[in-house]
Every structure is written in structure tokens, then in C-alpha cells.
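A.B. asks: Sharing protein_3.txt (compact mmCIF, N, CA, C and O atoms) below.
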# COMPACT_ATOMS: atom_id res chain seq x y z
N MET A 90 16.20 25.56 28.04
CA MET A 90 15.04 25.97 27.29
C MET A 90 14.40 24.76 26.59
O MET A 90 13.20 24.61 26.62
N ASN A 91 15.22 23.90 25.97
CA ASN A 91 14.68 22.74 25.27
C ASN A 91 14.05 21.74 26.23
O ASN A 91 13.08 21.08 25.88
N ILE A 92 14.57 21.64 27.44
CA ILE A 92 13.99 20.72 28.42
C ILE A 92 12.59 21.20 28.79
O ILE A 92 11.66 20.40 28.90
N LYS A 93 12.43 22.52 28.96
CA LYS A 93 11.11 23.07 29.28
C LYS A 93 10.13 22.77 28.15
O LYS A 93 8.98 22.41 28.40
N LEU A 94 10.60 22.91 26.91
CA LEU A 94 9.75 22.64 25.75
C LEU A 94 9.33 21.18 25.71
O LEU A 94 8.15 20.87 25.52
N ILE A 95 10.27 20.28 25.92
CA ILE A 95 9.97 18.85 25.89
C ILE A 95 8.99 18.49 27.02
O ILE A 95 8.03 17.75 26.80
N LEU A 96 9.22 19.03 28.20
CA LEU A 96 8.31 18.76 29.31
C LEU A 96 6.92 19.31 29.02
O LEU A 96 5.92 18.65 29.30
N SER A 97 6.85 20.51 28.46
CA SER A 97 5.55 21.10 28.12
C SER A 97 4.81 20.26 27.11
O SER A 97 3.60 20.02 27.24
N LEU A 98 5.52 19.80 26.09
CA LEU A 98 4.90 18.96 25.08
C LEU A 98 4.44 17.63 25.69
O LEU A 98 3.36 17.13 25.37
N GLY A 99 5.25 17.07 26.57
CA GLY A 99 4.89 15.81 27.21
C GLY A 99 3.64 15.96 28.05
O GLY A 99 2.74 15.11 28.02
N ILE A 100 3.57 17.04 28.79
CA ILE A 100 2.38 17.29 29.62
C ILE A 100 1.16 17.50 28.74
O ILE A 100 0.09 16.96 29.01
N ALA A 101 1.33 18.28 27.67
CA ALA A 101 0.21 18.54 26.77
C ALA A 101 -0.30 17.25 26.14
O ALA A 101 -1.51 17.02 26.05
N LEU A 102 0.62 16.39 25.74
CA LEU A 102 0.22 15.11 25.15
C LEU A 102 -0.47 14.22 26.17
O LEU A 102 -1.45 13.55 25.86
N ALA A 103 0.03 14.23 27.40
CA ALA A 103 -0.57 13.41 28.44
C ALA A 103 -1.99 13.88 28.76
O ALA A 103 -2.88 13.08 29.00
N LEU A 104 -2.19 15.18 28.75
CA LEU A 104 -3.50 15.73 29.07
C LEU A 104 -4.51 15.52 27.95
O LEU A 104 -5.68 15.31 28.19
N THR A 105 -4.05 15.59 26.71
CA THR A 105 -4.97 15.45 25.58
C THR A 105 -5.07 14.03 25.09
O THR A 105 -6.00 13.70 24.36
N GLY A 106 -4.15 13.19 25.47
CA GLY A 106 -4.16 11.81 24.99
C GLY A 106 -3.52 11.72 23.63
O GLY A 106 -3.31 12.71 22.95
N CYS A 107 -3.19 10.54 23.23
CA CYS A 107 -2.57 10.35 21.93
C CYS A 107 -3.66 10.30 20.87
O CYS A 107 -4.72 9.74 21.07
N SER A 108 -3.36 10.88 19.75
CA SER A 108 -4.31 10.81 18.64
C SER A 108 -3.55 10.47 17.38
O SER A 108 -2.40 10.79 17.23
N THR A 109 -4.23 9.79 16.51
CA THR A 109 -3.64 9.51 15.22
C THR A 109 -4.44 10.28 14.20
O THR A 109 -5.62 10.56 14.38
N SER A 110 -3.78 10.60 13.13
CA SER A 110 -4.44 11.40 12.12
C SER A 110 -4.42 10.67 10.80
O SER A 110 -3.37 10.29 10.30
N SER A 111 -5.61 10.45 10.26
CA SER A 111 -5.66 9.83 8.94
C SER A 111 -5.60 10.90 7.88
O SER A 111 -5.29 10.64 6.73
N GLY A 112 -5.86 12.17 8.25
CA GLY A 112 -5.75 13.28 7.32
C GLY A 112 -4.30 13.66 7.17
O GLY A 112 -3.47 13.42 8.02
N THR A 113 -3.97 14.26 6.06
CA THR A 113 -2.60 14.70 5.85
C THR A 113 -2.60 16.19 5.58
O THR A 113 -3.58 16.75 5.12
N ALA A 114 -1.49 16.80 5.86
CA ALA A 114 -1.35 18.22 5.60
C ALA A 114 -1.23 18.44 4.09
O ALA A 114 -0.74 17.58 3.37
N PRO A 115 -1.68 19.58 3.63
CA PRO A 115 -1.60 19.85 2.20
C PRO A 115 -0.15 19.95 1.75
O PRO A 115 0.66 20.57 2.42
N GLU A 116 0.17 19.32 0.65
CA GLU A 116 1.53 19.35 0.13
C GLU A 116 1.78 20.60 -0.71
O GLU A 116 2.82 21.21 -0.62
N SER A 117 0.84 20.97 -1.58
CA SER A 117 1.02 22.18 -2.35
C SER A 117 0.31 23.29 -1.60
O SER A 117 -0.87 23.21 -1.29
N LEU A 118 1.06 24.33 -1.26
CA LEU A 118 0.52 25.35 -0.39
C LEU A 118 0.01 26.54 -1.20
O LEU A 118 0.77 27.26 -1.81
N THR A 119 -1.28 26.72 -1.19
CA THR A 119 -1.90 27.92 -1.73
C THR A 119 -2.65 28.55 -0.58
O THR A 119 -2.82 27.93 0.46
N SER A 120 -3.09 29.77 -0.73
CA SER A 120 -3.76 30.42 0.40
C SER A 120 -4.99 29.62 0.84
O SER A 120 -5.28 29.53 2.01
N ALA A 121 -5.69 29.00 -0.09
CA ALA A 121 -6.88 28.22 0.28
C ALA A 121 -6.51 26.99 1.10
O ALA A 121 -7.22 26.63 2.03
N THR A 122 -5.39 26.34 0.79
CA THR A 122 -5.04 25.12 1.53
C THR A 122 -4.39 25.41 2.87
O THR A 122 -4.70 24.76 3.84
N TYR A 123 -3.48 26.36 2.95
CA TYR A 123 -2.82 26.53 4.24
C TYR A 123 -3.68 27.30 5.23
O TYR A 123 -3.56 27.10 6.42
N ILE A 124 -4.58 28.14 4.79
CA ILE A 124 -5.47 28.82 5.72
C ILE A 124 -6.57 27.87 6.18
O ILE A 124 -7.00 27.87 7.31
N GLY A 125 -7.01 26.98 5.31
CA GLY A 125 -8.07 26.05 5.65
C GLY A 125 -7.58 24.77 6.29
O GLY A 125 -8.22 23.74 6.22
N VAL A 126 -6.43 24.82 6.92
CA VAL A 126 -5.81 23.65 7.49
C VAL A 126 -6.60 23.08 8.66
O VAL A 126 -6.39 21.96 9.06
N GLY A 127 -7.56 23.82 9.19
CA GLY A 127 -8.35 23.36 10.32
C GLY A 127 -9.18 22.12 10.02
O GLY A 127 -9.71 21.49 10.91
N ASN A 128 -9.28 21.75 8.74
CA ASN A 128 -10.03 20.54 8.41
C ASN A 128 -9.18 19.29 8.57
O ASN A 128 -9.65 18.19 8.36
N VAL A 129 -7.92 19.44 8.95
CA VAL A 129 -7.04 18.31 9.22
C VAL A 129 -7.28 17.87 10.66
O VAL A 129 -7.39 18.71 11.56
N GLU A 130 -7.40 16.57 10.87
CA GLU A 130 -7.59 16.08 12.24
C GLU A 130 -6.47 16.58 13.14
O GLU A 130 -5.35 16.77 12.70
N TYR A 131 -6.78 16.77 14.40
CA TYR A 131 -5.82 17.33 15.35
C TYR A 131 -4.58 16.45 15.47
O TYR A 131 -4.66 15.25 15.68
N ASP A 132 -3.46 17.07 15.32
CA ASP A 132 -2.16 16.43 15.54
C ASP A 132 -1.29 17.47 16.22
O ASP A 132 -0.97 18.49 15.63
N SER A 133 -0.95 17.23 17.48
CA SER A 133 -0.25 18.25 18.27
C SER A 133 1.07 18.67 17.65
O SER A 133 1.42 19.85 17.70
N LEU A 134 1.81 17.76 17.05
CA LEU A 134 3.08 18.13 16.44
C LEU A 134 2.86 19.03 15.23
O LEU A 134 3.58 20.00 15.02
N TYR A 135 1.86 18.71 14.41
CA TYR A 135 1.55 19.54 13.24
C TYR A 135 1.13 20.93 13.69
O TYR A 135 1.62 21.94 13.18
N HIS A 136 0.23 21.01 14.65
CA HIS A 136 -0.27 22.30 15.12
C HIS A 136 0.85 23.12 15.77
O HIS A 136 0.96 24.32 15.54
N TYR A 137 1.67 22.48 16.58
CA TYR A 137 2.79 23.18 17.21
C TYR A 137 3.76 23.67 16.13
O TYR A 137 4.22 24.81 16.19
N GLY A 138 4.05 22.83 15.14
CA GLY A 138 4.93 23.24 14.05
C GLY A 138 4.38 24.45 13.31
O GLY A 138 5.11 25.39 12.97
N TYR A 139 3.08 24.43 13.04
CA TYR A 139 2.44 25.56 12.36
C TYR A 139 2.61 26.84 13.17
O TYR A 139 3.00 27.88 12.64
N ASN A 140 2.32 26.76 14.46
CA ASN A 140 2.42 27.95 15.31
C ASN A 140 3.84 28.49 15.37
O ASN A 140 4.05 29.70 15.28
N ILE A 141 4.82 27.63 15.52
CA ILE A 141 6.21 28.05 15.58
C ILE A 141 6.65 28.60 14.23
O ILE A 141 7.35 29.61 14.15
N GLY A 142 6.26 27.94 13.14
CA GLY A 142 6.62 28.42 11.80
C GLY A 142 6.04 29.80 11.51
O GLY A 142 6.73 30.68 10.99
N CYS A 143 4.78 29.99 11.87
CA CYS A 143 4.14 31.28 11.65
C CYS A 143 4.82 32.36 12.48
O CYS A 143 5.16 33.43 11.97
N ARG A 144 5.03 32.07 13.76
CA ARG A 144 5.69 33.05 14.63
C ARG A 144 7.09 33.40 14.11
O ARG A 144 7.49 34.56 14.13
N SER A 145 7.82 32.41 13.62
CA SER A 145 9.16 32.66 13.09
C SER A 145 9.11 33.55 11.86
O SER A 145 9.90 34.49 11.72
N ALA A 146 8.20 33.25 10.94
CA ALA A 146 8.08 34.04 9.71
C ALA A 146 7.71 35.48 10.02
O ALA A 146 8.26 36.42 9.42
N VAL A 147 6.79 35.70 10.95
CA VAL A 147 6.39 37.06 11.32
C VAL A 147 7.57 37.79 11.96
O VAL A 147 7.85 38.94 11.64
N THR A 148 8.28 37.12 12.85
CA THR A 148 9.42 37.73 13.53
C THR A 148 10.48 38.17 12.53
O THR A 148 10.99 39.29 12.61
N VAL A 149 10.80 37.32 11.58
CA VAL A 149 11.81 37.65 10.58
C VAL A 149 11.34 38.81 9.71
O VAL A 149 12.12 39.71 9.38
N LYS A 150 10.08 38.81 9.33
CA LYS A 150 9.55 39.87 8.46
C LYS A 150 9.53 41.22 9.15
O LYS A 150 9.88 42.24 8.54
N ILE A 151 9.13 41.27 10.43
CA ILE A 151 9.02 42.57 11.09
C ILE A 151 10.34 43.05 11.71
O ILE A 151 10.45 44.21 12.08
N ASN A 152 11.34 42.17 11.80
CA ASN A 152 12.65 42.54 12.35
C ASN A 152 13.78 42.16 11.39
O ASN A 152 14.67 41.39 11.76
N PRO A 153 13.79 42.68 10.16
CA PRO A 153 14.82 42.26 9.21
C PRO A 153 16.23 42.65 9.63
O PRO A 153 17.20 42.04 9.20
N ALA A 154 16.37 43.66 10.48
CA ALA A 154 17.69 44.10 10.91
C ALA A 154 18.38 43.09 11.82
O ALA A 154 19.59 43.18 12.03
N ASN A 155 17.64 42.13 12.36
CA ASN A 155 18.23 41.13 13.25
C ASN A 155 19.09 40.12 12.51
O ASN A 155 19.80 39.34 13.12
N ASN A 156 18.99 40.09 11.18
CA ASN A 156 19.76 39.16 10.35
C ASN A 156 19.57 37.71 10.78
O ASN A 156 20.50 36.92 10.83
N VAL A 157 18.34 37.36 11.13
CA VAL A 157 18.00 35.99 11.51
C VAL A 157 17.12 35.42 10.41
O VAL A 157 16.22 36.09 9.92
N ASP A 158 17.42 34.21 9.99
CA ASP A 158 16.57 33.59 8.97
C ASP A 158 15.56 32.65 9.64
O ASP A 158 15.74 32.23 10.78
N VAL A 159 14.49 32.38 8.93
CA VAL A 159 13.41 31.56 9.47
C VAL A 159 13.90 30.18 9.85
O VAL A 159 13.55 29.65 10.90
N GLU A 160 14.73 29.59 9.03
CA GLU A 160 15.21 28.23 9.27
C GLU A 160 15.95 28.12 10.60
O GLU A 160 15.83 27.11 11.30
N SER A 161 16.68 29.15 10.97
CA SER A 161 17.44 29.09 12.23
C SER A 161 16.53 29.14 13.46
O SER A 161 16.97 28.82 14.56
N MET A 162 15.27 29.50 13.26
CA MET A 162 14.33 29.59 14.38
C MET A 162 13.56 28.29 14.58
O MET A 162 12.78 28.15 15.51
N LYS A 163 13.78 27.32 13.71
CA LYS A 163 13.09 26.04 13.81
C LYS A 163 13.60 25.26 15.02
O LYS A 163 14.79 25.24 15.30
N ASP A 164 12.69 24.63 15.73
CA ASP A 164 13.04 23.88 16.92
C ASP A 164 13.96 22.70 16.56
O ASP A 164 13.54 21.79 15.85
N PRO A 165 15.21 22.69 17.04
CA PRO A 165 16.14 21.63 16.66
C PRO A 165 15.76 20.26 17.23
O PRO A 165 16.14 19.24 16.68
N VAL A 166 15.01 20.25 18.31
CA VAL A 166 14.61 18.97 18.91
C VAL A 166 13.55 18.28 18.06
O VAL A 166 13.56 17.08 17.86
N LEU A 167 12.61 19.06 17.52
CA LEU A 167 11.50 18.49 16.74
C LEU A 167 11.78 18.47 15.24
O LEU A 167 11.04 17.80 14.50
N ASP A 168 12.80 19.19 14.81
CA ASP A 168 13.15 19.22 13.39
C ASP A 168 13.42 17.80 12.89
O ASP A 168 14.14 17.04 13.51
N GLY A 169 12.77 17.45 11.80
CA GLY A 169 12.94 16.12 11.24
C GLY A 169 11.75 15.21 11.51
O GLY A 169 11.60 14.18 10.87
N LEU A 170 10.88 15.59 12.44
CA LEU A 170 9.66 14.83 12.67
C LEU A 170 8.65 15.25 11.61
O LEU A 170 8.34 16.42 11.46
N THR A 171 8.14 14.30 10.87
CA THR A 171 7.33 14.57 9.69
C THR A 171 6.19 15.54 9.94
O THR A 171 6.04 16.53 9.23
N GLU A 172 5.36 15.28 10.93
CA GLU A 172 4.19 16.13 11.16
C GLU A 172 4.59 17.53 11.64
O GLU A 172 3.98 18.52 11.24
N PHE A 173 5.62 17.62 12.47
CA PHE A 173 6.11 18.93 12.89
C PHE A 173 6.60 19.71 11.68
O PHE A 173 6.27 20.88 11.50
N ASP A 174 7.40 19.06 10.83
CA ASP A 174 7.95 19.74 9.65
C ASP A 174 6.84 20.20 8.69
O ASP A 174 6.91 21.30 8.14
N LYS A 175 5.82 19.37 8.50
CA LYS A 175 4.71 19.77 7.62
C LYS A 175 4.00 21.00 8.19
O LYS A 175 3.70 21.94 7.47
N GLY A 176 3.73 20.98 9.48
CA GLY A 176 3.07 22.11 10.12
C GLY A 176 3.94 23.36 10.07
O GLY A 176 3.46 24.46 9.79
N TRP A 177 5.22 23.18 10.32
CA TRP A 177 6.15 24.31 10.31
C TRP A 177 6.19 24.96 8.93
O TRP A 177 6.10 26.20 8.82
N ARG A 178 6.30 24.15 7.88
CA ARG A 178 6.32 24.70 6.51
C ARG A 178 5.02 25.45 6.21
O ARG A 178 5.03 26.52 5.60
N SER A 179 3.88 24.88 6.62
CA SER A 179 2.59 25.55 6.39
C SER A 179 2.53 26.88 7.13
O SER A 179 2.05 27.87 6.59
N GLY A 180 3.00 26.89 8.38
CA GLY A 180 2.99 28.12 9.17
C GLY A 180 3.88 29.20 8.58
O GLY A 180 3.50 30.37 8.52
N VAL A 181 5.06 28.81 8.12
CA VAL A 181 5.97 29.77 7.50
C VAL A 181 5.33 30.35 6.24
O VAL A 181 5.33 31.57 6.02
N LYS A 182 4.76 29.49 5.42
CA LYS A 182 4.14 29.94 4.17
C LYS A 182 2.95 30.86 4.45
O LYS A 182 2.78 31.88 3.79
N ALA A 183 2.14 30.51 5.43
CA ALA A 183 0.94 31.29 5.74
C ALA A 183 1.28 32.68 6.24
O ALA A 183 0.53 33.62 5.99
N CYS A 184 2.40 32.83 6.93
CA CYS A 184 2.70 34.09 7.62
C CYS A 184 3.93 34.80 7.07
O CYS A 184 4.41 35.76 7.69
N GLU A 185 4.43 34.38 5.93
CA GLU A 185 5.66 34.95 5.40
C GLU A 185 5.56 36.43 5.06
O GLU A 185 6.58 37.10 4.92
N ASP A 186 4.34 36.95 4.94
CA ASP A 186 4.18 38.37 4.65
C ASP A 186 4.17 39.23 5.92
O ASP A 186 3.99 40.44 5.87
N GLY A 187 4.39 38.60 7.08
CA GLY A 187 4.46 39.33 8.34
C GLY A 187 3.15 39.45 9.08
O GLY A 187 3.07 40.10 10.11
N ILE A 188 2.11 38.80 8.56
CA ILE A 188 0.80 38.83 9.21
C ILE A 188 0.52 37.45 9.80
O ILE A 188 0.54 36.45 9.08
N SER A 189 0.27 37.41 11.10
CA SER A 189 -0.01 36.15 11.77
C SER A 189 -1.39 35.65 11.38
O SER A 189 -2.36 36.39 11.45
N ARG A 190 -1.48 34.41 10.96
CA ARG A 190 -2.75 33.81 10.54
C ARG A 190 -3.02 32.53 11.32
O ARG A 190 -2.14 31.69 11.44
N SER A 191 -4.21 32.40 11.77
CA SER A 191 -4.63 31.19 12.47
C SER A 191 -4.76 30.05 11.48
O SER A 191 -5.03 30.25 10.30
N MET A 192 -4.62 28.84 11.99
CA MET A 192 -4.85 27.66 11.15
C MET A 192 -6.31 27.51 10.81
O MET A 192 -6.67 26.86 9.86
N TYR A 193 -7.16 28.11 11.61
CA TYR A 193 -8.59 27.91 11.48
C TYR A 193 -9.25 29.13 10.89
O TYR A 193 -8.91 30.25 11.23
N SER A 194 -10.22 28.90 10.06
CA SER A 194 -11.03 30.02 9.57
C SER A 194 -12.38 29.92 10.27
O SER A 194 -12.93 28.84 10.44
N VAL A 195 -12.86 31.04 10.71
CA VAL A 195 -14.12 31.08 11.44
C VAL A 195 -15.17 31.65 10.50
O VAL A 195 -15.00 32.68 9.89
N GLY A 196 -16.27 30.94 10.38
CA GLY A 196 -17.35 31.39 9.51
C GLY A 196 -18.65 31.45 10.28
O GLY A 196 -18.77 30.95 11.40
N THR A 197 -19.63 32.07 9.68
CA THR A 197 -20.96 32.11 10.29
C THR A 197 -21.82 31.07 9.65
O THR A 197 -21.66 30.70 8.50
N SER A 198 -22.79 30.55 10.39
CA SER A 198 -23.67 29.54 9.83
C SER A 198 -24.94 30.15 9.32
O SER A 198 -25.33 31.21 9.60
Turn this file's structure into C-alpha cells for me.

C.D. replies:
Amino acid sequence: MNIKLILSLGIALALTGCSTSSGTAPESLTSATYIGVGNVEYDSLYHYGYNIGCRSAVTVKINPANNVDVESMKDPVLDGLTEFDKGWRSGVKACEDGISRSMYSVGTS
């Protein structure tokens, strides 16, 4: 399973190219900062971490009988990488009430 994940990430990075981000993820998480995370320049590790963190938080909230904690669902291969961890924490915080939330807010002009 981890090999498939690593290969998928490698292919995704190769297709999108490498990018650097001068923006940083919000350190103090309030609903305004973690929902408005779309203003952070694209960083695949941060975005992937957010998606996995959110999915984990929702899964734990809607299936409490499984006795699985959010931390145990964190990807062990990427755990410890700064941008992945920042995204993961933001995703967990954003979705801890069991509602999946996108990183991006869509508005009308």
C-alpha cells in the first residue's frame, strides 16, 4: 500500500513539477484560517496532508465504535515532513466535527 502511495505522489509531482512555497500554513488554527487555507501557494505535501487529515478526522468522528484514533491514521511514510504535518494538522482541525471541508472557499464576484 505504501509503495502505491509513494509512486502516486512521485507521478503527481512529476506531472505538476516542483514548486516552492513562500507562504506558510497558519500556525494558530481558527475557522477563518484553516478554511481560508486556499490563499497559501500550492504545495502538494501540504495539500495531501490536509486531505488525509480531514478524511481521518471525519472517519473517526462517524465511526467511534472502531476505536481508531486520528493519529494512527496518519501516513507513516510522510509523517515528520514539515509541510505534510502542517497540512495534516489543519485538515484534522477543520474536519474534527465530522464534516468534510475543502481547503478552498468559493465565493461569487

A.B. asks: Could you tell me which of A:Leu167, A:Val181, A:Val157, A:Met162 comes closest to A:Gly142 if we count only N, CA, C and O atoms?

C.D. replies: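 Of A:Leu167, A:Val181, A:Val157, A:Met162, the one nearest A:Gly142 is A:Val181, counting only N, CA, C and O atoms.
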
A.B. asks: When you draw a straight line from atom N of A:Tyr135 to atom C of A:Cys184, how long is it in Å?

C.D. replies: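 It comes out at 17.8 Å.
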
A.B. asks: Applying 5 Å and all atoms listed in the file, which residues near A:Ala146 remain after dropping the ones on its own chain fewer than 3 positions away? List them as a ChimeraX atom specification.

C.D. replies: /A:141-143,149-150,184-185,187

A.B. asks: Given the choices A:Val166, A:Asn140, A:Leu134, A:Val159, which gets closest to A:Tyr193 if the distance is worked out from only C-alpha atoms?

C.D. replies: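 Going through A:Val166, A:Asn140, A:Leu134, A:Val159 one by one, the smallest distance to A:Tyr193 is for A:Asn140.
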
A.B. asks: Which residue out of A:Ser161, A:Asp132, A:Ile188, A:Arg178 has the minimum interatomic distance to A:Thr148 when all atoms listed in the file are used?

C.D. replies: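 Smallest distance to A:Thr148 is found for A:Ile188.
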
A.B. asks: Take atom CA of A:Ser191 and atom O of A:Gly176 and report the distance between them in Å, one decimal.

C.D. replies: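 Spanning atom CA of A:Ser191 to atom O of A:Gly176 is a straight-line distance of 10.9 Å.
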
A.B. asks: What is the distance, in Å and to one decimal place, between atom CA of A:Ala183 and atom CA of A:Ala154?

C.D. replies: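 Atom CA of A:Ala154 lies at a distance of 21.7 Å from atom CA of A:Ala183.
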